[in-house]
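Enquirer: This is work_30.csv, which holds CSV, C-alpha atoms:
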chain,number,residue,atom,x,y,z
Z,1,MET,CA,5.4,-17.0,-12.0
Z,2,GLY,CA,5.0,-14.8,-8.9
Z,3,PRO,CA,7.7,-14.1,-6.3
Z,4,THR,CA,8.6,-16.7,-3.7
Z,5,TRP,CA,7.4,-16.0,-0.1
Z,6,THR,CA,11.0,-15.1,0.9
Z,7,GLU,CA,11.1,-12.6,-2.0
Z,8,ALA,CA,7.7,-11.1,-1.1
Z,9,ARG,CA,8.8,-10.6,2.5
Z,10,GLY,CA,12.0,-8.9,1.3
Z,11,VAL,CA,10.1,-6.6,-1.1
Z,12,VAL,CA,7.6,-5.4,1.5
Z,13,ALA,CA,10.4,-4.8,3.9
Z,14,GLU,CA,12.2,-2.6,1.3
Z,15,ALA,CA,9.0,-0.7,0.6
Z,16,ALA,CA,8.5,-0.2,4.4
Z,17,ALA,CA,12.1,1.0,4.8
Z,18,TRP,CA,11.5,3.6,2.0
Z,19,PHE,CA,8.3,4.8,3.7
Z,20,VAL,CA,10.1,5.1,7.1
Z,21,ALA,CA,13.0,7.0,5.5
Z,22,THR,CA,10.6,9.4,3.7
Z,23,ALA,CA,8.5,10.0,6.8
Z,24,ALA,CA,11.8,10.9,8.6
Z,25,LEU,CA,12.1,13.8,6.1
Z,26,VAL,CA,8.8,15.5,7.2
Z,27,GLY,CA,10.4,17.6,9.9
Z,28,ASP,CA,7.8,20.2,11.0
Z,29,ARG,CA,5.5,19.8,8.0
Z,30,TRP,CA,2.9,17.5,9.5
Z,31,SER,CA,0.1,19.9,9.0
Z,32,HIS,CA,1.1,20.7,5.4
Z,33,PRO,CA,-1.1,19.5,2.5
Z,34,GLY,CA,-0.7,15.8,1.9
Z,35,LEU,CA,-3.1,14.2,-0.5
Z,36,GLY,CA,-6.7,15.3,-1.2
Z,37,GLU,CA,-8.3,16.3,2.1
Z,38,TRP,CA,-5.4,14.7,4.1
Z,39,ASP,CA,-2.6,16.7,5.6
Z,40,VAL,CA,0.8,15.1,5.8
Z,41,ARG,CA,0.1,13.5,9.2
Z,42,ALA,CA,-3.1,11.9,7.9
Z,43,LEU,CA,-1.3,10.6,4.8
Z,44,VAL,CA,1.4,9.1,6.9
Z,45,GLY,CA,-1.1,7.7,9.2
Z,46,HIS,CA,-3.0,6.1,6.4
Z,47,THR,CA,0.2,4.7,4.9
Z,48,SER,CA,1.1,3.2,8.3
Z,49,ARG,CA,-2.0,1.1,8.1
Z,50,SER,CA,-0.4,-0.8,5.3
Z,51,LEU,CA,1.7,-2.3,8.1
Z,52,LEU,CA,-0.7,-2.3,10.9
Z,53,THR,CA,-3.3,-4.3,9.0
Z,54,ILE,CA,-0.7,-7.1,8.6
Z,55,GLU,CA,-0.4,-7.3,12.3
Z,56,ALA,CA,-4.2,-7.1,12.9
Z,57,TYR,CA,-5.0,-9.7,10.2
Z,58,LEU,CA,-2.4,-12.1,11.4
Z,59,ALA,CA,-4.3,-12.1,14.7
Z,60,THR,CA,-7.6,-13.0,13.0
Z,61,PRO,CA,-7.2,-16.2,11.1
Z,62,ALA,CA,-9.7,-17.0,8.4
Z,63,ALA,CA,-11.4,-20.4,7.9
Z,64,SER,CA,-11.5,-20.2,4.2
Z,65,VAL,CA,-10.3,-18.3,1.1
Z,66,ASP,CA,-12.9,-15.8,-0.1
Z,67,VAL,CA,-10.5,-13.7,-2.1
Z,68,PRO,CA,-8.2,-15.9,-4.2
Z,69,THR,CA,-5.7,-13.4,-5.7
Z,70,THR,CA,-4.2,-10.0,-5.1
Z,71,VAL,CA,-6.0,-8.5,-8.1
Z,72,GLU,CA,-9.3,-9.8,-6.7
Z,73,TYR,CA,-8.6,-8.0,-3.4
Z,74,TYR,CA,-8.6,-4.7,-5.2
Z,75,ARG,CA,-11.8,-5.5,-7.2
Z,76,ALA,CA,-13.5,-6.6,-4.0
Z,77,THR,CA,-12.5,-3.4,-2.1
Z,78,ARG,CA,-13.3,-0.8,-4.7
Z,79,ALA,CA,-16.5,0.3,-3.0
Z,80,ILE,CA,-14.8,0.4,0.4
Z,81,ALA,CA,-11.9,2.4,-0.9
Z,82,ALA,CA,-14.2,5.0,-2.4
Z,83,GLY,CA,-16.2,5.4,0.8
Z,84,PRO,CA,-16.1,8.4,3.2
Z,85,ASP,CA,-14.7,6.3,6.1
Z,86,VAL,CA,-11.3,6.0,4.5
Z,87,ALA,CA,-10.5,9.7,4.9
Z,88,GLN,CA,-11.5,9.6,8.6
Z,89,ARG,CA,-9.5,6.4,9.2
Z,90,GLY,CA,-6.4,8.2,7.8
Z,91,ARG,CA,-6.9,11.2,10.1
Z,92,ASP,CA,-7.4,8.9,13.1
Z,93,ALA,CA,-4.3,6.8,12.2
Z,94,GLY,CA,-2.3,10.1,11.9
Z,95,ALA,CA,-3.5,11.3,15.3
Z,96,ALA,CA,-2.6,7.9,16.8
Z,97,LEU,CA,1.1,8.4,15.7
Z,98,GLY,CA,1.4,10.8,18.6
Z,99,ALA,CA,3.9,13.6,19.2
Z,100,ASP,CA,6.7,12.1,17.1
Z,101,PRO,CA,5.0,10.5,14.0
Z,102,ALA,CA,8.3,9.6,12.3
Z,103,ALA,CA,9.5,7.7,15.2
Z,104,ALA,CA,6.1,6.0,15.6
Z,105,VAL,CA,6.3,4.8,12.0
Z,106,ALA,CA,9.7,3.4,12.5
Z,107,THR,CA,8.5,1.6,15.6
Z,108,ILE,CA,5.6,0.1,13.7
Z,109,ALA,CA,7.8,-1.2,10.9
Z,110,ALA,CA,10.3,-2.7,13.4
Z,111,ARG,CA,7.4,-4.5,15.2
Z,112,VAL,CA,5.4,-5.7,12.3
Z,113,LEU,CA,7.9,-6.9,9.7
Z,114,PRO,CA,9.5,-9.6,11.9
Z,115,LEU,CA,6.0,-11.1,12.3
Z,116,LEU,CA,6.3,-12.2,8.6
Z,117,ASP,CA,9.6,-13.9,9.3
Z,118,ARG,CA,7.6,-16.5,11.3
Z,119,THR,CA,5.2,-17.3,8.5
Z,120,ASP,CA,5.3,-19.3,5.3
Z,121,GLY,CA,2.7,-17.4,3.3
Z,122,THR,CA,0.1,-20.1,3.4
Z,123,GLU,CA,-1.6,-18.7,6.5
Z,124,LEU,CA,-5.2,-17.6,6.0
Z,125,VAL,CA,-6.0,-14.2,7.3
Z,126,THR,CA,-9.3,-12.3,7.6
Z,127,THR,CA,-9.0,-9.1,5.6
Z,128,VAL,CA,-11.6,-6.4,5.0
Z,129,ALA,CA,-12.6,-8.2,1.8
Z,130,GLY,CA,-12.7,-11.7,3.4
Z,131,GLY,CA,-10.3,-14.6,3.9
Z,132,MET,CA,-7.1,-14.5,2.0
Z,133,ARG,CA,-3.8,-16.3,1.9
Z,134,LEU,CA,-1.1,-14.2,3.5
Z,135,ALA,CA,1.1,-14.6,0.4
Z,136,ASP,CA,-1.7,-13.0,-1.7
Z,137,TYR,CA,-2.4,-10.2,0.8
Z,138,VAL,CA,1.1,-9.0,1.5
Z,139,PRO,CA,1.6,-7.7,-2.1
Z,140,THR,CA,-1.3,-5.4,-1.6
Z,141,ARG,CA,0.7,-3.9,1.3
Z,142,THR,CA,3.7,-3.4,-0.9
Z,143,PHE,CA,1.6,-1.7,-3.4
Z,144,GLU,CA,0.0,0.7,-0.8
Z,145,LEU,CA,3.4,1.5,0.7
Z,146,VAL,CA,4.9,2.3,-2.7
Z,147,VAL,CA,2.0,4.4,-4.0
Z,148,HIS,CA,1.4,6.4,-0.8
Z,149,THR,CA,5.1,6.9,-0.2
Z,150,LEU,CA,5.2,8.4,-3.7
Z,151,ASP,CA,2.3,10.6,-2.5
Z,152,LEU,CA,4.3,11.6,0.5
Z,153,ALA,CA,7.4,12.3,-1.5
Z,154,ALA,CA,5.4,14.6,-3.8
Z,155,ALA,CA,3.9,16.4,-0.8
Z,156,LEU,CA,7.4,17.0,0.5
Z,157,GLY,CA,9.0,17.9,-2.8
Z,158,GLU,CA,11.2,14.8,-2.6
Z,159,PRO,CA,12.2,12.7,-5.7
Z,160,ALA,CA,9.7,10.0,-6.8
Z,161,GLU,CA,12.3,7.2,-6.6
Z,162,PRO,CA,10.9,4.0,-5.1
Z,163,PRO,CA,13.2,1.0,-4.6
Z,164,ALA,CA,13.4,-1.1,-7.7
Z,165,ARG,CA,11.9,-4.4,-6.4
Z,166,PRO,CA,8.9,-2.8,-4.7
Z,167,ALA,CA,8.4,-0.6,-7.8
Z,168,ALA,CA,8.5,-3.6,-10.1
Z,169,GLN,CA,5.9,-5.5,-8.0
Z,170,ALA,CA,3.6,-2.5,-7.9
Z,171,LEU,CA,3.9,-2.0,-11.6
Z,172,ARG,CA,3.1,-5.7,-12.2
Z,173,LEU,CA,-0.1,-5.3,-10.1
Z,174,VAL,CA,-1.1,-2.2,-12.1
Z,175,ALA,CA,-0.6,-4.3,-15.3
Z,176,ASP,CA,-2.6,-7.2,-14.0
Z,177,LEU,CA,-5.5,-4.9,-12.9
Z,178,ALA,CA,-5.5,-3.1,-16.3
Z,179,ALA,CA,-5.2,-6.4,-18.3
Z,180,GLY,CA,-8.5,-7.6,-16.8
Z,181,ALA,CA,-10.3,-4.5,-18.3
Z,182,PRO,CA,-9.7,-3.7,-22.0
Z,183,ASP,CA,-10.9,-0.2,-21.5
Z,184,LEU,CA,-8.0,0.3,-19.1
Z,185,ALA,CA,-5.3,-1.7,-20.9
Z,186,GLY,CA,-5.4,0.3,-24.1
Z,187,PRO,CA,-5.1,3.8,-22.6
Z,188,LEU,CA,-2.4,2.6,-20.2
Z,189,LEU,CA,-0.3,1.0,-22.9
Z,190,LEU,CA,-0.6,4.1,-25.1
Z,191,ALA,CA,0.5,6.4,-22.3
Z,192,ALA,CA,3.3,4.2,-21.2
Z,193,THR,CA,4.8,4.2,-24.7
Z,194,GLY,CA,4.5,7.9,-25.2
Z,195,ARG,CA,1.6,7.8,-27.7
Z,196,ARG,CA,-0.9,10.0,-25.7
Z,197,GLY,CA,-1.6,11.1,-22.1
Z,198,LEU,CA,-4.1,9.3,-19.9
Z,199,PRO,CA,-7.7,10.5,-19.7
Z,200,ASP,CA,-8.6,12.7,-16.7
Z,201,GLY,CA,-9.4,10.6,-13.7
Z,202,PHE,CA,-7.9,7.4,-15.1
Z,203,THR,CA,-7.2,4.8,-12.5
Z,204,VAL,CA,-6.8,1.0,-12.5
Z,205,LEU,CA,-8.3,0.9,-9.0
Rewrite the coordinates I just gave you, this time as structure tokens.
Expert:
Amino acid sequence: MGPTWTEARGVVAEAAAWFVATAALVGDRWSHPGLGEWDVRALVGHTSRSLLTIEAYLATPAASVDVPTTVEYYRATRAIAAGPDVAQRGRDAGAALGADPAAAVATIAARVLPLLDRTDGTELVTTVAGGMRLADYVPTRTFELVVHTLDLAAALGEPAEPPARPAAQALRLVADLAAGAPDLAGPLLLAATGRRGLPDGFTVL
């Protein structure tokens, strides 16, 4: 049984708070290497989109459910996530954070999270993959916040210590994604139990 809507809202808020706190540690390192071709500013910009899309999608209601689950969202967006536009959107989002990116991130979180308090999770929103229930979409935002804040912490040399509830939700999603593909489930289980390392390039996404 999945989390209640109240729990889901609380979990994404905890993930966002960890992101905001980690972004506040950047100091003058915004141009330092972040992830892949992104510098730290672009990585933070991309991560901020985890919150900004909630705001944008709430403003564009859907007429029907095209993507029925959180797992299906990731399957539906694999090609988009691998496309060249993602890197540029991250750079653009980083630039949009302005002269004080850490403050901008805090402002975004303070503006977006209260929007969820006025919802019940049944709302249909138009995502990049199609119409989804808000309750199924928001866990994707928790996952993105957790994973990319881990990326940011690594870039800054900070501990990789996500809050427990967001980490648990992200790990459940990893398990669900792997369970749907036997070629992923086996290697992941072996690695998680110390039997062997993961193959180069392994990902559930």
Enquirer: With only C-alpha atoms as the counted atoms, please give the residues lying no more than 7 Å from Z:Leu198, apart from itself and same-chain residues fewer than 2 positions off, as a PyMOL selection string.
Expert: chain Z and resi 187-188+191+196+200+202
Enquirer: Take the point (6.5, 13.7, -3.5) in the file's coordinates, draw a sphere of radius 12 Å around it, and report as a list in words every protein, DNA or RNA residue with an atom inside or on it, counting only C-alpha atoms.
Expert: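 Output of the proximity query reads Phe19, Thr22, Ala23, Leu25, Val26, Pro33, Gly34, Leu35, Val40, Leu43, Val146, Val147, His148, Thr149, Leu150, Asp151, Leu152, Ala153, Ala154, Ala155, Leu156, Gly157, Glu158, Pro159, Ala160, Glu161 and Pro162 of chain Z.
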Enquirer: Please provide the set of residues having any atom within 6 Å of Z:Met132, restricted to all atoms listed in the file, with same-chain residues fewer than 2 positions apart removed, written as a PyMOL selection string.
Expert: chain Z and resi 65+67+124-125
Enquirer: Write to file, as a compact mmCIF listing (two decimals), keeping the file's coordinate frame, the residues of the selection just made, with C-alpha atoms.
Expert:
# COMPACT_ATOMS: atom_id res chain seq x y z
CA VAL Z 65 -10.30 -18.30 1.10
CA VAL Z 67 -10.50 -13.70 -2.10
CA LEU Z 124 -5.20 -17.60 6.00
CA VAL Z 125 -6.00 -14.20 7.30
Enquirer: Considering all atoms listed in the file, state which residue in the set Z:Asp176, Z:Asp136, Z:Asp92, Z:Asp120 is at the smallest distance from Z:Thr47.
Expert: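 Ranking Z:Asp176, Z:Asp136, Z:Asp92, Z:Asp120 by distance to Z:Thr47, first place goes to Z:Asp92.
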Enquirer: Between Z:Pro114, Z:Gly130, Z:Val20, Z:Gly201, single out the one closest to Z:Ala76, counting all atoms listed in the file.
Expert: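 Residue with the minimum atom-to-atom distance to Z:Ala76: Z:Gly130.
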Enquirer: Could you name the residues that touch Z:Gly186 at 12 Å or less, counting all atoms listed in the file, but leaving out those on the same chain fewer than 6 positions away, as number ranges by chain?
Expert: Z: 175, 178-180, 192-193, 195-199, 202, 204
Enquirer: Fewer than 5 positions away in the same chain doesn't count, so skip those; otherwise give me all residues within 9 Å of Z:Ile54, counting all atoms listed in the file, as a list of chain:residue names.
Expert: Z:Arg49, Z:Ala59, Z:Val112, Z:Leu113, Z:Leu115, Z:Leu116, Z:Val125, Z:Leu134, Z:Tyr137, Z:Val138, Z:Arg141
